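Undergrad: Just dropping this structure here.
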Amino acid sequence: MTRLKEFLDSGVNPDEHLDTIAMLASLDYIEKGSPRIAKSIEQELVDQRNSLKLIASENYSSLRVQLAMGNWLTDKYAEGIPFQRYYAGCQNVDEVESYAQELAKKLFNAESCTVQPHSGCDANLAAYLAILAEVIENSKVKELGKPLMQMSHKEYESVRQDFTKARILGMSLKDGGHLTHGFRNNFSGKLFDAYTYGVDPVTERIHYDALRTLAKEVQPHILVAGYSSYSRKVDFSVMRSIADEVGAVLLVDMAHFSGLVAGKVFEEVYDPVAYADVVTSTTHKTLRGPRGGMILSKKRFEEGLKRVCPLAQGGPLEHVIAAKAVAFEEALSKEFQQYAHRIVENAETLARHFLDEGVRVITGGTENHLLVLDVFSSFGLTGKEAEERLYKSGIIVNKNAIPNDSRGVVQTSGIRLGTPAITTLNMGVQEMLEVANFIVRCLKGGDPAKIKADVQRLKARYPLYKGISLGKLCHTN
Ligand code: DSN
């Protein structure tokens, strides 16, 4: 019997379960032609159900978001921007993309927006190139009195050489920044003369005066704020003043915390959109949309950002943009604001439980959705060992360097934990005590099989996509 038939035969009211029906029908259909792929899709749900997802950058998107991606919008090429395309027949994707842009502008109170980046990494690449085009290329265009395409090879080469001298100052990977903020094995460390700032060795927080001094020395063209494993709020008014003092463009990468901005947890000086020239983001993570990217900007950079294609990408993925629009609609709701506040409440509670157990929490706690534990000083384990041990107990985390980590990025001394996904499941502060206990028991050498059984008991109380609980998908191993 197919999954769908089994579900419908169970006597449910189809009108109340359209999402489940759509998902089960698609699995049944995929299985007919591509059984290996259907098996992996199904197994992923089983595995996600049976484990505790504490990866700070992951979440569970709604089935509406997922379904908006799975259709024929994927077949349409749409280079250009809405209503100004290089291909005919874009009337429907124009509608989708312009609506997504409007929603994003409303959600973040932004002047301009592009939802075309395929990922956060692509958003940063496109944003850097658009900024360089504005601050380096345009002045040369004015000086020579002719557009790029009319420059001689020699003239254009002098523009390109100026690009390679551009300086960037971003948070170092080892202190919580991202690969795209100047890491040498990333385009950002190759395209730019890249400098990095870290955290204060004692407080493990950004030291704004030290950053200001460094910025004055480096004179960056772009100051990058934002992080992927830093657990404190960033004061963007201070970042703005530092950028202004050195004449830099301020770019904030809010990929990790855009859901906290949308959900009005980060307001006033903690809202990057109010202060930055350009703000990049992913649309998954705390924002809980499809995997993808976007860029918000002040009017000055609007023209440059209309050129994500051809600057950094080919045609936009309009099926993913449709799902971004659905996610933005969801994020505009009151429920989403409550969700965003609960993410942080849960992370703070989790951090407090670890501190009560004598575990060293980097910076002494958290003000956002993530926390980093020093597992080497607390349990004598490297981050890699801790990650593997937790995995055997059904707890999914990632190893993470801590400030001044002597064990490098492969072994590391820390792990990073995040609460966006478990908060989506509706776990609250009560459950954070259980989660902290599982982790401490496991890292102290507790029996993985027993902990895994306890994890699954907790997960059973907070089912994932609970409509899909009938038929073949009901595995519990
Ligand atoms: N992979 C994301 C994270 O885990 O933070 C960022 O690239």
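For the structure tokens, the naming scheme is as follows: chains receive sequential letters (A, B, ...) according to their order of presentation, residues are indexed from 1 within each chain, and ligands are indexed from 1 in presentation order.
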What lies within 8 Å of stretch 332-337 of chain A using only C-alpha atoms, ignoring chain neighbours under 2 positions off, as a count of residues only?

TA: 11

Undergrad: At a cut-off of 12 Å and counting only C-alpha atoms and all ligand atoms, what residues surround ligand 1? Please answer as a ChimeraX atom specification.

TA: /A:54-59,119-124,173,176-181,186,226-230,253-257,281-286,291-293,369-370,397-400,415-418

Undergrad: A:Asp405: which residues within 8 Å, counting only C-alpha atoms, same-chain residues fewer than 5 positions away excluded, as JSON, numbers by chain?

TA: {"A": [174, 412, 413]}

Undergrad: Please dump the current selection as a PDB file, in the first residue's frame; keep all heavy atoms.

TA:
ATOM      1  N   LYS A 174      38.574  31.974  13.817  1.00  0.00           N
ATOM      2  CA  LYS A 174      38.848  31.294  15.089  1.00  0.00           C
ATOM      3  C   LYS A 174      38.169  31.984  16.272  1.00  0.00           C
ATOM      4  O   LYS A 174      37.988  31.384  17.319  1.00  0.00           O
ATOM      5  CB  LYS A 174      40.360  31.155  15.310  1.00  0.00           C
ATOM      6  CG  LYS A 174      41.089  32.445  15.516  1.00  0.00           C
ATOM      7  CD  LYS A 174      42.585  32.194  15.704  1.00  0.00           C
ATOM      8  CE  LYS A 174      43.357  33.476  15.947  1.00  0.00           C
ATOM      9  NZ  LYS A 174      42.860  34.338  17.012  1.00  0.00           N
ATOM     10  N   THR A 412      39.887  20.969  17.661  1.00  0.00           N
ATOM     11  CA  THR A 412      39.239  22.035  18.451  1.00  0.00           C
ATOM     12  C   THR A 412      39.098  21.681  19.946  1.00  0.00           C
ATOM     13  O   THR A 412      39.215  20.517  20.337  1.00  0.00           O
ATOM     14  CB  THR A 412      37.824  22.437  17.938  1.00  0.00           C
ATOM     15  OG1 THR A 412      36.851  21.493  18.403  1.00  0.00           O
ATOM     16  CG2 THR A 412      37.771  22.584  16.437  1.00  0.00           C
ATOM     17  N   SER A 413      38.812  22.711  20.721  1.00  0.00           N
ATOM     18  CA  SER A 413      38.582  22.498  22.162  1.00  0.00           C
ATOM     19  C   SER A 413      37.129  22.712  22.526  1.00  0.00           C
ATOM     20  O   SER A 413      36.762  22.642  23.705  1.00  0.00           O
ATOM     21  CB  SER A 413      39.425  23.490  22.979  1.00  0.00           C
ATOM     22  OG  SER A 413      40.779  23.351  22.655  1.00  0.00           O
TER      23      SER A 413
END

Undergrad: Skipping near chain neighbours, those fewer than 5 positions away, what residues fall within 9 Å of A:Gln219 using only C-alpha atoms, listed as a PyMOL selection string?

TA: chain A and resi 167-169+214+246-248

Undergrad: Would you write out those residues with C-alpha atoms, as an mmCIF file, in the first residue's frame?

TA:
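Once everything was written out, this is result.cif:
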data_model
loop_
_atom_site.group_PDB
_atom_site.id
_atom_site.type_symbol
_atom_site.label_atom_id
_atom_site.label_comp_id
_atom_site.auth_asym_id
_atom_site.auth_seq_id
_atom_site.Cartn_x
_atom_site.Cartn_y
_atom_site.Cartn_z
ATOM 1 C CA ARG A 167 41.173 45.882 2.134
ATOM 2 C CA ILE A 168 38.620 44.114 4.266
ATOM 3 C CA LEU A 169 38.485 43.870 8.058
ATOM 4 C CA LEU A 214 42.993 48.296 14.378
ATOM 5 C CA VAL A 246 37.957 55.240 8.699
ATOM 6 C CA GLY A 247 35.737 55.847 5.663
ATOM 7 C CA ALA A 248 34.766 52.181 5.309
#

Undergrad: One decimal, Å: what's the distance from atom CA of A:Gly414 over to atom CA of A:Asn426, could you say?

TA: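 Spanning atom CA of A:Gly414 to atom CA of A:Asn426 is a straight-line distance of 26.8 Å.
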
Undergrad: Please give the complete set of residues from stretch 275-418 of chain A that DSSP, run on the backbone, assigns to strand (DSSP E or B), formatted as number ranges by chain.

TA: A: 278-282, 293-297, 360-361, 370-374, 395-396, 398-400, 414-418

Undergrad: Tell me which protein, DNA and RNA residues are within 9 Å of A:Ala449, counting only C-alpha atoms, leaving out same-chain ones fewer than 6 positions away, and put them as a list of chain:residue names.

TA: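 Returned residues: A:Lys392, A:Ser393, A:Gly394.
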
Undergrad: Find the residues near A:Ala347: any atom within 8 Å, counting only C-alpha atoms, skip ones fewer than 3 places away on the same chain, and give them as a PyMOL selection string.

TA: chain A and resi 343-344+350-351+366-371+418-419

Undergrad: Write to file, as a PDB file, in the first residue's frame, the residues of the selection just made, with all heavy atoms.

TA:
ATOM      1  N   ILE A 343      13.671  31.336  21.310  1.00  0.00           N
ATOM      2  CA  ILE A 343      14.981  30.786  20.929  1.00  0.00           C
ATOM      3  C   ILE A 343      16.039  31.275  21.919  1.00  0.00           C
ATOM      4  O   ILE A 343      16.852  30.500  22.424  1.00  0.00           O
ATOM      5  CB  ILE A 343      15.403  31.261  19.506  1.00  0.00           C
ATOM      6  CG1 ILE A 343      14.526  30.670  18.418  1.00  0.00           C
ATOM      7  CG2 ILE A 343      16.859  30.912  19.237  1.00  0.00           C
ATOM      8  CD1 ILE A 343      14.866  31.221  17.016  1.00  0.00           C
ATOM      9  N   VAL A 344      16.020  32.593  22.169  1.00  0.00           N
ATOM     10  CA  VAL A 344      17.048  33.190  23.025  1.00  0.00           C
ATOM     11  C   VAL A 344      16.834  32.778  24.489  1.00  0.00           C
ATOM     12  O   VAL A 344      17.784  32.454  25.211  1.00  0.00           O
ATOM     13  CB  VAL A 344      17.065  34.734  22.864  1.00  0.00           C
ATOM     14  CG1 VAL A 344      18.114  35.360  23.775  1.00  0.00           C
ATOM     15  CG2 VAL A 344      17.339  35.098  21.409  1.00  0.00           C
ATOM     16  N   LEU A 350      19.773  27.154  28.716  1.00  0.00           N
ATOM     17  CA  LEU A 350      20.725  26.064  28.499  1.00  0.00           C
ATOM     18  C   LEU A 350      22.103  26.455  29.043  1.00  0.00           C
ATOM     19  O   LEU A 350      22.751  25.682  29.759  1.00  0.00           O
ATOM     20  CB  LEU A 350      20.791  25.788  26.992  1.00  0.00           C
ATOM     21  CG  LEU A 350      21.332  24.461  26.500  1.00  0.00           C
ATOM     22  CD1 LEU A 350      20.652  23.282  27.165  1.00  0.00           C
ATOM     23  CD2 LEU A 350      21.162  24.374  24.971  1.00  0.00           C
ATOM     24  N   ALA A 351      22.526  27.678  28.723  1.00  0.00           N
ATOM     25  CA  ALA A 351      23.840  28.146  29.188  1.00  0.00           C
ATOM     26  C   ALA A 351      23.894  28.150  30.713  1.00  0.00           C
ATOM     27  O   ALA A 351      24.895  27.734  31.315  1.00  0.00           O
ATOM     28  CB  ALA A 351      24.124  29.544  28.634  1.00  0.00           C
ATOM     29  N   THR A 366      25.224  33.541  27.001  1.00  0.00           N
ATOM     30  CA  THR A 366      24.787  33.888  25.642  1.00  0.00           C
ATOM     31  C   THR A 366      23.708  34.955  25.674  1.00  0.00           C
ATOM     32  O   THR A 366      22.970  35.079  26.673  1.00  0.00           O
ATOM     33  CB  THR A 366      24.243  32.644  24.893  1.00  0.00           C
ATOM     34  OG1 THR A 366      23.872  33.029  23.569  1.00  0.00           O
ATOM     35  CG2 THR A 366      23.029  32.037  25.575  1.00  0.00           C
ATOM     36  N   GLU A 367      23.636  35.709  24.580  1.00  0.00           N
ATOM     37  CA  GLU A 367      22.542  36.673  24.397  1.00  0.00           C
ATOM     38  C   GLU A 367      21.817  36.412  23.084  1.00  0.00           C
ATOM     39  O   GLU A 367      21.012  37.212  22.639  1.00  0.00           O
ATOM     40  CB  GLU A 367      23.112  38.102  24.350  1.00  0.00           C
ATOM     41  CG  GLU A 367      23.729  38.542  25.660  1.00  0.00           C
ATOM     42  CD  GLU A 367      24.600  39.791  25.505  1.00  0.00           C
ATOM     43  OE1 GLU A 367      25.111  40.062  24.409  1.00  0.00           O
ATOM     44  OE2 GLU A 367      24.773  40.485  26.514  1.00  0.00           O
ATOM     45  N   ASN A 368      22.170  35.301  22.436  1.00  0.00           N
ATOM     46  CA  ASN A 368      21.499  35.018  21.155  1.00  0.00           C
ATOM     47  C   ASN A 368      21.056  33.554  21.111  1.00  0.00           C
ATOM     48  O   ASN A 368      20.613  33.028  22.139  1.00  0.00           O
ATOM     49  CB  ASN A 368      22.382  35.438  19.969  1.00  0.00           C
ATOM     50  CG  ASN A 368      23.759  34.787  19.986  1.00  0.00           C
ATOM     51  OD1 ASN A 368      23.946  33.698  20.539  1.00  0.00           O
ATOM     52  ND2 ASN A 368      24.714  35.434  19.373  1.00  0.00           N
ATOM     53  N   HIS A 369      21.177  32.939  19.963  1.00  0.00           N
ATOM     54  CA  HIS A 369      20.642  31.593  19.766  1.00  0.00           C
ATOM     55  C   HIS A 369      21.680  30.505  19.957  1.00  0.00           C
ATOM     56  O   HIS A 369      21.377  29.339  19.753  1.00  0.00           O
ATOM     57  CB  HIS A 369      20.095  31.498  18.341  1.00  0.00           C
ATOM     58  CG  HIS A 369      21.186  31.709  17.318  1.00  0.00           C
ATOM     59  ND1 HIS A 369      21.890  32.889  17.222  1.00  0.00           N
ATOM     60  CD2 HIS A 369      21.736  30.878  16.401  1.00  0.00           C
ATOM     61  CE1 HIS A 369      22.811  32.773  16.279  1.00  0.00           C
ATOM     62  NE2 HIS A 369      22.738  31.568  15.765  1.00  0.00           N
ATOM     63  N   LEU A 370      22.916  30.877  20.280  1.00  0.00           N
ATOM     64  CA  LEU A 370      23.970  29.848  20.317  1.00  0.00           C
ATOM     65  C   LEU A 370      24.847  29.998  21.540  1.00  0.00           C
ATOM     66  O   LEU A 370      24.920  31.061  22.161  1.00  0.00           O
ATOM     67  CB  LEU A 370      24.805  29.911  19.028  1.00  0.00           C
ATOM     68  CG  LEU A 370      25.712  31.103  18.770  1.00  0.00           C
ATOM     69  CD1 LEU A 370      27.095  30.930  19.395  1.00  0.00           C
ATOM     70  CD2 LEU A 370      25.889  31.303  17.268  1.00  0.00           C
ATOM     71  N   LEU A 371      25.528  28.915  21.877  1.00  0.00           N
ATOM     72  CA  LEU A 371      26.535  28.954  22.921  1.00  0.00           C
ATOM     73  C   LEU A 371      27.671  28.032  22.543  1.00  0.00           C
ATOM     74  O   LEU A 371      27.479  27.068  21.801  1.00  0.00           O
ATOM     75  CB  LEU A 371      25.971  28.592  24.295  1.00  0.00           C
ATOM     76  CG  LEU A 371      25.083  27.375  24.443  1.00  0.00           C
ATOM     77  CD1 LEU A 371      25.286  26.766  25.807  1.00  0.00           C
ATOM     78  CD2 LEU A 371      23.627  27.808  24.293  1.00  0.00           C
ATOM     79  N   GLY A 418      23.056  25.242  19.420  1.00  0.00           N
ATOM     80  CA  GLY A 418      22.075  26.277  19.108  1.00  0.00           C
ATOM     81  C   GLY A 418      20.664  25.777  19.376  1.00  0.00           C
ATOM     82  O   GLY A 418      20.399  24.574  19.310  1.00  0.00           O
ATOM     83  N   THR A 419      19.764  26.717  19.646  1.00  0.00           N
ATOM     84  CA  THR A 419      18.399  26.338  20.017  1.00  0.00           C
ATOM     85  C   THR A 419      17.315  26.608  18.959  1.00  0.00           C
ATOM     86  O   THR A 419      16.135  26.340  19.229  1.00  0.00           O
ATOM     87  CB  THR A 419      17.985  27.072  21.323  1.00  0.00           C
ATOM     88  OG1 THR A 419      18.224  28.480  21.153  1.00  0.00           O
ATOM     89  CG2 THR A 419      18.773  26.571  22.509  1.00  0.00           C
TER      90      THR A 419
END

Undergrad: Of the candidates A:Ile321, A:Leu458, A:Leu223, A:Val269, which shows the shortest atom-to-atom distance to A:Met294, using only C-alpha atoms?

TA: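 Looking at the shortest contact to A:Met294, the residue is A:Ile321.
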
Undergrad: Please identify every residue of stretch 233-324 of chain A that has at least one atom no farther than 7 Å from an atom of stretch 78-89 of chain A, counting only C-alpha atoms, and for each give the shortest atom pair and the distance in Å to one decimal, arranged by chain then increasing number, as CSV.

TA:
residue,atom,partner,partner_atom,distance
A:Lys306,CA,A:Ile81,CA,6.6
A:Cys309,CA,A:Glu79,CA,6.6
A:Gly314,CA,A:Glu79,CA,6.7
A:Gly315,CA,A:Glu79,CA,4.6
A:Pro316,CA,A:Ala78,CA,6.3

Undergrad: Write out as a VMD selection string the residues lying within 6 Å of stretch 196-201 of chain A, counting only C-alpha atoms and excluding same-chain residues fewer than 6 positions away.

TA: chain A and resid 169 to 172 175 207

Undergrad: Which one of A:Lys466, A:Lys32, A:Arg184, A:Lys190 sits closest to A:Thr2 if you count only C-alpha atoms?

TA: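 The answer is A:Lys32, which sits nearest to A:Thr2.
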
Undergrad: Looking at A:Leu287, A:Lys216, A:Thr203, A:Phe266, which one is nearest to A:Lys324, with distances taken over only C-alpha atoms?

TA: A:Leu287

Undergrad: Looking at A:Glu387, A:Asp209, A:Glu95, A:Glu268, which one is nearest to A:Asp235, with distances taken over only C-alpha atoms?

TA: A:Glu268

Undergrad: Go ahead and compute the interatomic distance for atom CA of A:Met1 and atom CA of A:Leu63, in Å to one decimal.

TA: 23.4 Å

Undergrad: Would you list, as a PyMOL selection string, the residues of stretch 30-73 of chain A that end up in alpha helix (DSSP H) under DSSP run on this structure's backbone?

TA: chain A and resi 30-33+35-50+63-69

Undergrad: Report, in Å to a single decimal, how far apart atom CA of A:Ile396 and atom CA of A:Phe354 are.

TA: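 Value for the atom CA of A:Phe354-atom CA of A:Ile396 distance: 17.2 Å.
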